[in-house]
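**Q** Sending over my_file-v4.cif (mmCIF, C-alpha atoms and all ligand atoms).
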```cif
data_entry
#
loop_
_atom_site.label_atom_id
_atom_site.label_comp_id
_atom_site.auth_asym_id
_atom_site.auth_seq_id
_atom_site.Cartn_x
_atom_site.Cartn_y
_atom_site.Cartn_z
CA MET A 12 8.15 -77.75 7.70
CA LYS A 13 10.34 -80.78 8.32
CA LYS A 14 7.22 -82.80 9.07
CA PHE A 15 5.79 -82.22 5.61
CA LEU A 16 6.46 -85.49 3.82
CA SER A 17 4.08 -85.35 0.87
CA ARG A 18 4.73 -87.79 -1.92
CA GLY A 19 3.44 -85.19 -4.34
CA TYR A 20 0.60 -85.39 -6.85
CA PRO A 21 -1.77 -87.28 -6.85
CA TYR A 22 -1.29 -88.17 -3.18
CA HIS A 23 -1.20 -84.47 -2.64
CA ARG A 24 -4.12 -82.54 -4.07
CA GLY A 25 -4.34 -79.26 -2.20
CA ARG A 26 -7.74 -78.56 -3.73
CA ARG A 27 -9.40 -81.37 -1.71
CA THR A 28 -9.69 -79.11 1.31
CA ARG A 29 -10.86 -76.14 -0.75
CA ILE A 30 -13.62 -77.85 -2.65
CA ASN A 31 -16.66 -76.34 -0.91
CA GLU A 32 -17.62 -73.70 1.62
CA ASN A 33 -18.01 -76.06 4.55
CA ILE A 34 -14.65 -77.72 4.14
CA ARG A 35 -12.97 -74.36 3.67
CA GLU A 36 -14.53 -73.26 6.96
CA LEU A 37 -13.40 -76.49 8.57
CA VAL A 38 -9.76 -75.98 7.72
CA SER A 39 -9.62 -72.18 8.03
CA GLU A 40 -6.73 -71.13 10.25
CA THR A 41 -7.75 -67.63 11.29
CA SER A 42 -10.85 -66.20 12.87
CA LEU A 43 -12.13 -62.71 13.40
CA SER A 44 -14.24 -61.83 16.40
CA SER A 45 -15.68 -58.49 17.43
CA SER A 46 -14.35 -58.97 20.96
CA LYS A 47 -10.84 -58.60 19.53
CA LEU A 48 -11.62 -55.42 17.64
CA ILE A 49 -11.01 -51.97 19.04
CA MET A 50 -12.90 -49.00 17.68
CA PRO A 51 -11.04 -45.67 17.69
CA TYR A 52 -13.24 -42.61 18.18
CA PHE A 53 -12.36 -38.97 17.65
CA ILE A 54 -14.02 -36.76 20.20
CA ARG A 55 -14.66 -33.01 20.13
CA GLU A 56 -16.12 -30.16 22.11
CA ASP A 57 -19.87 -29.64 21.55
CA ASN A 58 -19.32 -26.46 19.57
CA ASP A 59 -16.48 -27.75 17.36
CA ASP A 60 -16.66 -28.99 13.77
CA SER A 61 -17.46 -32.69 13.31
CA ASN A 62 -16.29 -33.16 9.72
CA ILE A 63 -13.04 -34.93 8.95
CA PHE A 64 -12.18 -34.14 5.36
CA SER A 65 -9.69 -36.99 4.86
CA MET A 66 -11.66 -39.85 6.44
CA LYS A 67 -14.98 -40.51 4.72
CA GLY A 68 -17.60 -41.98 7.02
CA ILE A 69 -15.82 -40.90 10.21
CA LYS A 70 -16.81 -37.89 12.27
CA ARG A 71 -15.58 -36.23 15.41
CA LEU A 72 -18.11 -36.96 18.13
CA SER A 73 -19.46 -34.91 20.98
CA CYS A 74 -19.62 -36.80 24.30
CA LYS A 75 -23.32 -37.40 23.75
CA GLU A 76 -22.73 -38.82 20.26
CA LEU A 77 -19.93 -40.98 21.64
CA LEU A 78 -22.33 -42.55 24.11
CA GLU A 79 -24.78 -43.35 21.32
CA LYS A 80 -22.08 -44.97 19.20
CA ILE A 81 -20.74 -47.05 22.08
CA SER A 82 -24.20 -48.20 22.99
CA LYS A 83 -24.69 -49.55 19.44
CA ASP A 84 -21.22 -51.11 19.30
CA LEU A 85 -21.77 -52.96 22.56
CA LYS A 86 -24.85 -54.61 21.08
CA ASN A 87 -22.64 -55.88 18.24
CA GLY A 88 -19.94 -57.18 20.55
CA VAL A 89 -17.31 -54.42 20.41
CA ASN A 90 -16.34 -53.67 24.00
CA THR A 91 -13.14 -51.68 23.61
CA PHE A 92 -12.71 -48.11 22.45
CA ALA A 93 -9.73 -45.84 21.93
CA LEU A 94 -10.36 -42.14 22.42
CA PHE A 95 -8.60 -39.42 20.44
CA PRO A 96 -9.45 -35.81 21.28
CA LYS A 97 -9.48 -32.79 19.03
CA ILE A 98 -9.10 -30.06 21.56
CA LEU A 99 -9.67 -26.39 20.78
CA ASP A 100 -6.64 -24.57 19.38
CA THR A 101 -6.91 -22.06 22.19
CA LYS A 102 -6.15 -24.88 24.66
CA LYS A 103 -2.92 -25.97 22.93
CA SER A 104 0.38 -24.89 24.43
CA SER A 105 4.09 -25.62 24.20
CA LEU A 106 4.06 -27.77 27.35
CA ALA A 107 0.74 -29.46 26.57
CA ASP A 108 -0.76 -28.22 29.84
CA GLU A 109 -4.28 -29.25 28.89
CA SER A 110 -3.20 -32.91 28.90
CA VAL A 111 -2.97 -32.92 32.69
CA ASN A 112 -6.16 -30.96 33.28
CA GLU A 113 -8.58 -33.27 35.08
CA LYS A 114 -11.48 -31.58 33.27
CA ASN A 115 -10.05 -31.93 29.77
CA LEU A 116 -12.07 -33.41 26.94
CA VAL A 117 -10.74 -36.96 27.37
CA CYS A 118 -11.33 -37.00 31.14
CA ARG A 119 -14.87 -35.75 30.71
CA ALA A 120 -15.57 -38.39 28.06
CA LEU A 121 -14.07 -41.13 30.27
CA ARG A 122 -16.32 -40.23 33.17
CA ILE A 123 -19.45 -39.95 31.07
CA VAL A 124 -18.88 -43.29 29.34
CA LYS A 125 -17.89 -45.13 32.52
CA GLN A 126 -20.93 -43.84 34.33
CA GLU A 127 -23.25 -45.19 31.65
CA PHE A 128 -21.28 -48.34 30.74
CA PRO A 129 -18.97 -49.35 33.61
CA ASP A 130 -17.78 -52.50 31.84
CA VAL A 131 -16.51 -51.04 28.59
CA ILE A 132 -12.77 -50.93 28.15
CA LEU A 133 -11.46 -47.48 27.42
CA ILE A 134 -8.04 -46.87 25.97
CA CYS A 135 -6.38 -43.46 26.05
CA ASP A 136 -3.65 -42.38 23.70
CA VAL A 137 -0.75 -40.85 25.60
CA ALA A 138 1.36 -38.46 23.53
CA LEU A 139 1.50 -34.69 23.44
CA ASP A 140 0.55 -34.09 19.80
CA ALA A 141 -3.14 -33.44 20.51
CA TYR A 142 -2.14 -30.78 23.03
CA THR A 143 0.93 -29.02 21.65
CA ILE A 144 0.99 -25.95 19.42
CA ASN A 145 3.58 -27.59 17.19
CA GLY A 146 1.84 -30.98 16.74
CA HIS A 147 4.82 -32.91 18.10
CA ASP A 148 4.44 -35.84 20.49
CA GLY A 149 7.05 -34.33 22.78
CA VAL A 150 8.13 -31.00 24.22
CA VAL A 151 10.15 -28.94 21.75
CA ASN A 152 13.01 -27.14 23.45
CA SER A 153 14.30 -23.69 22.53
CA ASN A 154 16.96 -25.33 20.36
CA GLY A 155 14.21 -27.00 18.31
CA LYS A 156 14.93 -30.48 19.66
CA ILE A 157 12.49 -32.81 21.37
CA ASP A 158 13.24 -33.03 25.09
CA ASN A 159 12.81 -36.72 25.90
CA ASP A 160 12.96 -36.59 29.68
CA LYS A 161 10.82 -33.52 30.11
CA THR A 162 8.25 -35.18 27.85
CA ILE A 163 8.02 -38.48 29.70
CA ASP A 164 7.45 -36.65 32.95
CA ILE A 165 4.40 -34.95 31.41
CA LEU A 166 3.27 -38.28 29.92
CA LYS A 167 3.40 -39.81 33.38
CA ASN A 168 1.16 -37.09 34.81
CA MET A 169 -1.15 -37.32 31.83
CA SER A 170 -1.46 -41.09 32.37
CA VAL A 171 -2.27 -40.69 36.05
CA ASN A 172 -4.83 -38.04 35.11
CA PHE A 173 -6.54 -40.43 32.67
CA ALA A 174 -6.39 -43.37 35.08
CA ALA A 175 -8.02 -41.25 37.77
CA SER A 176 -10.87 -40.44 35.37
CA GLY A 177 -11.55 -44.11 34.59
CA CYS A 178 -9.20 -45.08 31.78
CA ASP A 179 -8.55 -48.85 31.74
CA ILE A 180 -5.62 -48.95 29.35
CA ILE A 181 -2.97 -46.29 28.95
CA ALA A 182 -1.54 -46.36 25.45
CA PRO A 183 1.66 -44.35 25.01
CA SER A 184 2.04 -43.59 21.30
CA ASP A 185 4.82 -41.04 21.59
CA MET A 186 7.94 -43.22 21.14
CA MET A 187 10.02 -41.35 23.72
CA ASP A 188 12.63 -43.46 25.48
CA GLY A 189 11.74 -44.79 28.90
CA ARG A 190 8.13 -43.70 28.85
CA VAL A 191 6.66 -47.09 29.70
CA LYS A 192 8.87 -47.37 32.77
CA ILE A 193 8.10 -43.86 33.99
CA ILE A 194 4.37 -44.26 33.34
CA ARG A 195 4.32 -47.60 35.14
CA GLU A 196 6.10 -46.08 38.14
CA GLY A 197 3.71 -43.13 38.10
CA LEU A 198 0.66 -45.38 38.06
CA GLU A 199 2.03 -47.60 40.83
CA SER A 200 2.92 -44.64 43.03
CA LYS A 201 -0.66 -43.37 42.77
CA LYS A 202 -2.01 -46.87 43.46
CA PHE A 203 -3.43 -47.47 39.97
CA TYR A 204 -2.34 -51.10 40.17
CA GLU A 205 -4.97 -52.31 37.74
CA THR A 206 -4.37 -49.90 34.90
CA SER A 207 -2.81 -51.65 31.92
CA ILE A 208 -0.23 -50.20 29.59
CA LEU A 209 -0.59 -50.94 25.91
CA SER A 210 2.60 -49.66 24.43
CA TYR A 211 2.82 -48.47 20.85
CA SER A 212 6.11 -50.33 20.94
CA SER A 213 6.85 -50.64 17.23
CA LYS A 214 5.54 -47.39 15.94
CA PHE A 215 7.00 -46.46 12.61
CA CYS A 216 7.46 -43.02 11.15
CA SER A 217 4.74 -43.59 8.61
CA ASN A 218 3.21 -41.43 5.93
CA PHE A 219 -0.10 -43.17 6.46
CA TYR A 220 -0.98 -41.15 9.57
CA SER A 221 -1.90 -37.92 7.81
CA PRO A 222 -5.70 -38.36 7.80
CA PHE A 223 -5.49 -38.93 11.57
CA ARG A 224 -3.51 -35.73 12.02
CA ASP A 225 -6.18 -33.93 10.07
CA ALA A 226 -8.83 -35.44 12.40
CA LEU A 227 -6.92 -34.30 15.45
CA GLY A 228 -6.20 -30.89 14.03
CA SER A 229 -2.46 -31.38 14.49
CA GLN A 230 -1.48 -31.59 10.81
CA ASN A 231 -1.24 -27.82 10.26
CA ASN A 232 0.61 -27.37 13.53
CA LEU A 233 3.18 -29.96 12.53
CA GLY A 234 3.57 -28.33 9.11
CA LYS A 235 6.69 -29.48 7.30
CA SER A 236 8.28 -30.84 10.45
CA ASN A 237 8.41 -34.62 10.96
CA LYS A 238 8.65 -37.22 13.71
CA LYS A 239 11.78 -39.00 12.52
CA THR A 240 13.80 -38.40 15.70
CA TYR A 241 11.43 -40.55 17.74
CA GLN A 242 9.35 -42.84 15.50
CA ILE A 243 11.10 -45.84 13.92
CA ASP A 244 12.50 -45.69 10.39
CA PHE A 245 10.27 -47.91 8.24
CA ARG A 246 13.34 -49.58 6.74
CA ASN A 247 14.19 -51.18 10.09
CA ARG A 248 13.03 -54.53 11.37
CA ARG A 249 15.47 -55.42 14.12
CA GLU A 250 15.13 -52.00 15.67
CA ALA A 251 11.37 -52.54 15.93
CA ILE A 252 11.93 -55.84 17.72
CA LYS A 253 14.42 -54.26 20.10
CA GLU A 254 11.97 -51.48 20.98
CA SER A 255 9.25 -54.04 21.73
CA LEU A 256 11.48 -56.14 23.97
CA GLU A 257 12.53 -53.01 25.86
CA ASP A 258 8.90 -52.09 26.46
CA VAL A 259 8.16 -55.54 27.89
CA GLN A 260 11.05 -55.02 30.31
CA GLU A 261 9.71 -51.61 31.26
CA GLY A 262 6.29 -52.97 32.20
CA ALA A 263 4.06 -53.05 29.14
CA ASP A 264 1.07 -55.43 29.27
CA ILE A 265 0.30 -55.37 25.55
CA LEU A 266 2.49 -54.49 22.58
CA MET A 267 1.57 -52.82 19.33
CA VAL A 268 2.75 -52.69 15.76
CA LYS A 269 1.66 -49.65 13.79
CA PRO A 270 0.74 -49.28 10.95
CA ALA A 271 -0.51 -52.81 10.32
CA GLY A 272 -1.08 -53.73 6.68
CA TYR A 273 2.39 -52.92 5.35
CA TYR A 274 4.06 -54.21 8.51
CA LEU A 275 2.85 -57.79 8.67
CA ASP A 276 6.41 -59.11 8.85
CA ILE A 277 6.96 -57.10 12.01
CA ILE A 278 3.71 -58.35 13.55
CA ARG A 279 4.79 -61.94 12.91
CA GLU A 280 8.27 -61.51 14.31
CA ILE A 281 7.06 -59.85 17.45
CA LYS A 282 4.35 -62.45 17.90
CA ASN A 283 6.98 -65.19 17.68
CA ILE A 284 9.11 -63.76 20.46
CA SER A 285 6.53 -62.13 22.73
CA LEU A 286 4.73 -63.70 25.66
CA ILE A 287 2.27 -60.84 25.95
CA PRO A 288 -0.56 -59.97 23.55
CA VAL A 289 0.33 -58.20 20.33
CA SER A 290 -1.99 -55.59 18.90
CA ALA A 291 -1.88 -53.94 15.49
CA PHE A 292 -3.23 -50.56 14.42
CA GLN A 293 -4.76 -50.37 10.97
CA VAL A 294 -4.16 -46.65 10.67
CA SER A 295 -6.11 -43.80 9.13
CA GLY A 296 -4.30 -43.92 5.77
CA GLU A 297 -5.00 -47.64 5.46
CA TYR A 298 -8.65 -46.94 6.23
CA SER A 299 -9.00 -44.13 3.73
CA MET A 300 -7.34 -46.04 0.92
CA ILE A 301 -9.81 -48.92 1.19
CA LYS A 302 -12.73 -46.57 1.77
CA ASN A 303 -12.00 -44.29 -1.15
CA ALA A 304 -11.06 -47.04 -3.59
CA SER A 305 -14.31 -48.85 -2.88
CA GLU A 306 -16.36 -45.67 -3.17
CA GLU A 307 -14.78 -45.23 -6.60
CA GLY A 308 -16.03 -48.71 -7.42
CA LEU A 309 -12.51 -50.10 -7.83
CA ILE A 310 -12.72 -52.75 -5.13
CA ASP A 311 -15.47 -54.45 -3.11
CA TYR A 312 -15.71 -52.65 0.22
CA GLU A 313 -16.88 -55.41 2.54
CA LYS A 314 -14.66 -58.11 1.05
CA CYS A 315 -11.53 -55.96 1.06
CA VAL A 316 -12.11 -54.73 4.60
CA LEU A 317 -12.49 -58.31 5.85
CA GLU A 318 -9.45 -59.49 3.91
CA SER A 319 -7.34 -56.67 5.31
CA LEU A 320 -8.32 -57.61 8.87
CA PHE A 321 -7.99 -61.37 8.42
CA CYS A 322 -4.49 -60.89 7.04
CA ILE A 323 -3.47 -58.77 10.03
CA LYS A 324 -4.77 -61.54 12.31
CA ARG A 325 -3.04 -64.21 10.26
CA ALA A 326 0.23 -62.31 10.65
CA GLY A 327 -0.17 -62.75 14.41
CA ALA A 328 -2.11 -59.81 15.82
CA ASP A 329 -4.20 -60.81 18.84
CA LEU A 330 -6.18 -57.59 18.74
CA ILE A 331 -6.72 -54.96 16.10
CA PHE A 332 -7.40 -51.25 16.23
CA SER A 333 -9.39 -50.46 13.11
CA TYR A 334 -11.73 -47.68 12.03
CA PHE A 335 -13.77 -50.45 10.40
CA SER A 336 -14.41 -52.20 13.74
CA SER A 337 -17.98 -50.97 14.27
CA GLU A 338 -19.08 -51.89 10.79
CA VAL A 339 -17.30 -55.24 10.81
CA ALA A 340 -18.91 -56.18 14.11
CA ARG A 341 -22.27 -55.48 12.52
CA TRP A 342 -21.44 -57.71 9.55
CA LEU A 343 -20.15 -60.49 11.78
CA LYS A 344 -23.40 -60.42 13.72
CA SER A 345 -25.76 -60.57 10.75
C1 LIG A 401 -0.37 -39.80 18.21
C2 LIG A 401 -0.93 -40.84 17.33
C3 LIG A 401 -0.90 -40.93 15.93
C4 LIG A 401 -1.68 -42.01 15.59
C5 LIG A 401 -2.14 -42.58 16.78
N1 LIG A 401 -1.65 -41.86 17.84
C6 LIG A 401 -0.30 -40.05 14.90
C7 LIG A 401 1.12 -39.76 14.89
O1 LIG A 401 1.93 -40.39 15.55
O2 LIG A 401 1.47 -38.80 14.20
C8 LIG A 401 -2.00 -42.45 14.19
C9 LIG A 401 -3.27 -43.19 14.01
C10 LIG A 401 -3.81 -43.24 12.64
O3 LIG A 401 -3.20 -42.76 11.66
O4 LIG A 401 -4.90 -43.79 12.49
N2 LIG A 401 0.95 -39.86 18.49
#
```
As structure tokens - that is how I would like this structure written.

**A**
Amino acid sequence: MKKFLSRGYPYHRGRRTRINENIRELVSETSLSSSKLIMPYFIREDNDDSNIFSMKGIKRLSCKELLEKISKDLKNGVNTFALFPKILDTKKSSLADESVNEKNLVCRALRIVKQEFPDVILICDVALDAYTINGHDGVVNSNGKIDNDKTIDILKNMSVNFAASGCDIIAPSDMMDGRVKIIREGLESKKFYETSILSYSSKFCSNFYSPFRDALGSQNNLGKSNKKTYQIDFRNRREAIKESLEDVQEGADILMVKPAGYYLDIIREIKNISLIPVSAFQVSGEYSMIKNASEEGLIDYEKCVLESLFCIKRAGADLIFSYFSSEVARWLKS
């Protein structure tokens, strides 16, 4: 800012560099490329329901449908996918046992996708909420409290299980203390030296996750309970930075800020201090707001989607998780 020595109007006319399309392109500061977009996919058992009431245009996919989607996305330049399973209720338990089953839904999907497309990058969410009867990301003890250390031990085994099935990037989204360290040690001890950890390092206790919980089938299980004892209070900025710096120390390869659109200040601050890539997750509630408002004819779908993503990039995100990724990649290509 100190270098800005304008003598003011008419020497300064900001409109000169906005006067036509080409010059606007020339001076544009932010770009969007499909190679930086990550598409989240919900996966299901073949006989389970595919409809997600709260996310228009998004369905839970069988493994076969997942392959078809990925095949199309690859043609449009999206190479990275995050998998979120909706497992059958009968498989949920208090200790999330299904998460460490080497034949669970995620492991089967990993193997099928890797066999067909060895070069795609697959990211697995690591938290217990998809597997617990209470919808919490951690183990709930008999006193009703979340047991941090018992949880991270399960997360470690879950991570090793996913890595062994072909997962490239382990993404702990649980916000337990010390999980990145324990997961890193677990991966190293089993010789998964090349498996990255993308830590949901600044994950806020947000009200914008509810469509996702509906997609996963964990919303009813969670009921009136909340995740405030582990996810960050949305009023806090310095705490989010502290959590991110801790995760770098513990061995994270990539950081994340989540949600994205209302947390641009956090993205920028973390970008300014971090030497590793920063990702942002445009979450389910952000998706559904844009989707539904445009279906109502209130806003222009394509323009608002692109603006939302450009602004997240401008804030400093290197990569973005967005449910719009597949569509945007198609637009960018045409
Ligand atoms: C699981 C998890 C959540 C999301 C990603 N991983 C939900 C939550 O923490 O309750 C939210 C993603 C979205 O809303 O799109 N811990």

**Q** Can you tell me which residues surround segment 132-138 of chain A at a distance of at most 8 Å, considering only C-alpha atoms, apart from same-chain residues fewer than 5 positions away, and format the answer as a PyMOL selection string?

**A** chain A and resi 90-95+117+121+148-149+166+169-170+173+177-185

**Q** Could you tell me how far atom CA of Tyr211 of chain A lies from atom CA of Leu106 of chain A, in Å and to one decimal?

**A**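 About the pair atom CA of Tyr211 of chain A and atom CA of Leu106 of chain A: they are 21.7 Å apart.
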
**Q** Hey, what's within 8 Å of Val151 of chain A if we count all atoms listed in the file and toss same-chain stuff fewer than 6 positions away? As a list in words, please?

**A**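 These residues fall inside the cut-off: Ser105, Ile157 and Asp158 of chain A.
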
**Q** Pick the closest to Val294 of chain A from A:Lys253, A:Ser319, A:Leu266, A:Arg122: which is it, counting all atoms listed in the file?

**A**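 Among the listed residues, the smallest separation from Val294 of chain A belongs to A:Ser319.
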
**Q** Rounded to one decimal, what separation in Å do you get between atom C1 of ligand LIG 401 (chain A) and atom CA of Phe219 of chain A?

**A**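 A separation of 12.2 Å between them.
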
**Q** Skip segment 282-286 of chain A itself and residues of its chain fewer than 3 positions away, then list as an NGL selection string all residues within 12 Å of it, counting all atoms listed in the file.

**A** :A and (212 or 252-253 or 255-260 or 263-268 or 275-279 or 289-291 or 323-330)

**Q** Report the distance between atom CA of Leu48 of chain A and atom CA of Trp342 of chain A in Å, rounded to one decimal place.

**A**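 Calculated distance between atom CA of Leu48 of chain A and atom CA of Trp342 of chain A is 12.9 Å.
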
**Q** Could you list, as a PyMOL selection string, all the residues within 9 Å of ligand LIG 401 (chain A), counting all atoms listed in the file?

**A** chain A and resi 51+95+136-141+146-148+182-186+211+214-224+227+229-230+237-238+242+269-270+292-298+332-334

**Q** Restricting the calculation to all atoms listed in the file, which member of A:Ser210, A:Ser299, A:Asn159, A:Ser236 is positioned closest to Ser65 of chain A?

**A**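 Comparing A:Ser210, A:Ser299, A:Asn159, A:Ser236 against Ser65 of chain A, the winner is A:Ser299.
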
**Q** Considering all atoms listed in the file, return as a PDB file with C-alpha atoms, in the frame of the given file whatever protein or nucleic-acid residues lie within 8 Å of Ile301 of chain A, sequence-local ones (same chain, fewer than 5 positions apart) excluded.

**A**
```pdb
ATOM      1  CA  ILE A 310     -12.720 -52.750  -5.130  1.00  0.00           C
ATOM      2  CA  TYR A 312     -15.710 -52.650   0.220  1.00  0.00           C
ATOM      3  CA  CYS A 315     -11.530 -55.960   1.060  1.00  0.00           C
ATOM      4  CA  VAL A 316     -12.110 -54.730   4.600  1.00  0.00           C
TER       5      VAL A 316
END
```

**Q** Using all atoms listed in the file, determine which residues lie at most 8 Å from Leu116 of chain A, disregarding the query and same-chain residues fewer than 6 positions distant; provide the list as number ranges by chain.

**A** A: 54-56, 96, 98

**Q** Would you mind completing segment 127-153 of chain A to N, CA and C atoms and writing the output as an mmCIF file, in the coordinates of the input?

**A**
```
data_model
loop_
_atom_site.group_PDB
_atom_site.id
_atom_site.type_symbol
_atom_site.label_atom_id
_atom_site.label_comp_id
_atom_site.auth_asym_id
_atom_site.auth_seq_id
_atom_site.Cartn_x
_atom_site.Cartn_y
_atom_site.Cartn_z
ATOM 1 N N GLU A 127 -22.163 -44.528 32.374
ATOM 2 C CA GLU A 127 -23.250 -45.190 31.650
ATOM 3 C C GLU A 127 -22.931 -46.680 31.417
ATOM 4 N N PHE A 128 -21.682 -46.965 31.073
ATOM 5 C CA PHE A 128 -21.280 -48.340 30.740
ATOM 6 C C PHE A 128 -20.022 -48.718 31.516
ATOM 7 N N PRO A 129 -20.162 -49.108 32.772
ATOM 8 C CA PRO A 129 -18.970 -49.350 33.610
ATOM 9 C C PRO A 129 -18.061 -50.458 33.077
ATOM 10 N N ASP A 130 -18.605 -51.359 32.277
ATOM 11 C CA ASP A 130 -17.780 -52.500 31.840
ATOM 12 C C ASP A 130 -17.026 -52.305 30.539
ATOM 13 N N VAL A 131 -17.254 -51.204 29.846
ATOM 14 C CA VAL A 131 -16.510 -51.040 28.590
ATOM 15 C C VAL A 131 -15.046 -50.812 28.921
ATOM 16 N N ILE A 132 -14.205 -51.152 27.969
ATOM 17 C CA ILE A 132 -12.770 -50.930 28.150
ATOM 18 C C ILE A 132 -12.390 -49.688 27.359
ATOM 19 N N LEU A 133 -11.832 -48.731 28.075
ATOM 20 C CA LEU A 133 -11.460 -47.480 27.420
ATOM 21 C C LEU A 133 -9.944 -47.325 27.378
ATOM 22 N N ILE A 134 -9.466 -47.027 26.186
ATOM 23 C CA ILE A 134 -8.040 -46.870 25.970
ATOM 24 C C ILE A 134 -7.747 -45.402 25.664
ATOM 25 N N CYS A 135 -6.752 -44.851 26.325
ATOM 26 C CA CYS A 135 -6.380 -43.460 26.050
ATOM 27 C C CYS A 135 -4.999 -43.372 25.434
ATOM 28 N N ASP A 136 -4.920 -42.641 24.354
ATOM 29 C CA ASP A 136 -3.650 -42.380 23.700
ATOM 30 C C ASP A 136 -2.851 -41.409 24.588
ATOM 31 N N VAL A 137 -1.599 -41.742 24.802
ATOM 32 C CA VAL A 137 -0.750 -40.850 25.600
ATOM 33 C C VAL A 137 0.424 -40.390 24.734
ATOM 34 N N ALA A 138 0.333 -39.135 24.338
ATOM 35 C CA ALA A 138 1.360 -38.460 23.530
ATOM 36 C C ALA A 138 0.946 -36.992 23.590
ATOM 37 N N LEU A 139 1.851 -36.102 23.271
ATOM 38 C CA LEU A 139 1.500 -34.690 23.440
ATOM 39 C C LEU A 139 0.895 -34.041 22.191
ATOM 40 N N ASP A 140 0.901 -34.756 21.060
ATOM 41 C CA ASP A 140 0.550 -34.090 19.800
ATOM 42 C C ASP A 140 -0.838 -33.456 19.759
ATOM 43 N N ALA A 141 -1.794 -34.025 20.505
ATOM 44 C CA ALA A 141 -3.140 -33.440 20.510
ATOM 45 C C ALA A 141 -3.170 -32.144 21.311
ATOM 46 N N TYR A 142 -2.118 -31.895 22.082
ATOM 47 C CA TYR A 142 -2.140 -30.780 23.030
ATOM 48 C C TYR A 142 -1.096 -29.693 22.784
ATOM 49 N N THR A 143 -0.145 -29.994 21.863
ATOM 50 C CA THR A 143 0.930 -29.020 21.650
ATOM 51 C C THR A 143 0.646 -28.099 20.466
ATOM 52 N N ILE A 144 1.202 -26.889 20.536
ATOM 53 C CA ILE A 144 0.990 -25.950 19.420
ATOM 54 C C ILE A 144 1.779 -26.353 18.184
ATOM 55 N N ASN A 145 2.765 -27.218 18.348
ATOM 56 C CA ASN A 145 3.580 -27.590 17.190
ATOM 57 C C ASN A 145 3.246 -28.981 16.650
ATOM 58 N N GLY A 146 2.271 -29.665 17.254
ATOM 59 C CA GLY A 146 1.840 -30.980 16.740
ATOM 60 C C GLY A 146 2.822 -32.106 17.002
ATOM 61 N N HIS A 147 3.870 -31.836 17.783
ATOM 62 C CA HIS A 147 4.820 -32.910 18.100
ATOM 63 C C HIS A 147 4.343 -33.715 19.305
ATOM 64 N N ASP A 148 4.825 -34.960 19.375
ATOM 65 C CA ASP A 148 4.440 -35.840 20.490
ATOM 66 C C ASP A 148 5.220 -35.519 21.759
ATOM 67 N N GLY A 149 6.240 -34.680 21.621
ATOM 68 C CA GLY A 149 7.050 -34.330 22.780
ATOM 69 C C GLY A 149 7.215 -32.826 22.901
ATOM 70 N N VAL A 150 7.857 -32.425 23.981
ATOM 71 C CA VAL A 150 8.130 -31.000 24.220
ATOM 72 C C VAL A 150 9.281 -30.562 23.311
ATOM 73 N N VAL A 151 9.075 -29.466 22.595
ATOM 74 C CA VAL A 151 10.150 -28.940 21.750
ATOM 75 C C VAL A 151 10.909 -27.870 22.531
ATOM 76 N N ASN A 152 12.191 -28.099 22.715
ATOM 77 C CA ASN A 152 13.010 -27.140 23.450
ATOM 78 C C ASN A 152 13.353 -25.916 22.612
ATOM 79 N N SER A 153 13.982 -24.927 23.251
ATOM 80 C CA SER A 153 14.300 -23.690 22.530
ATOM 81 C C SER A 153 15.282 -23.938 21.378
#
```
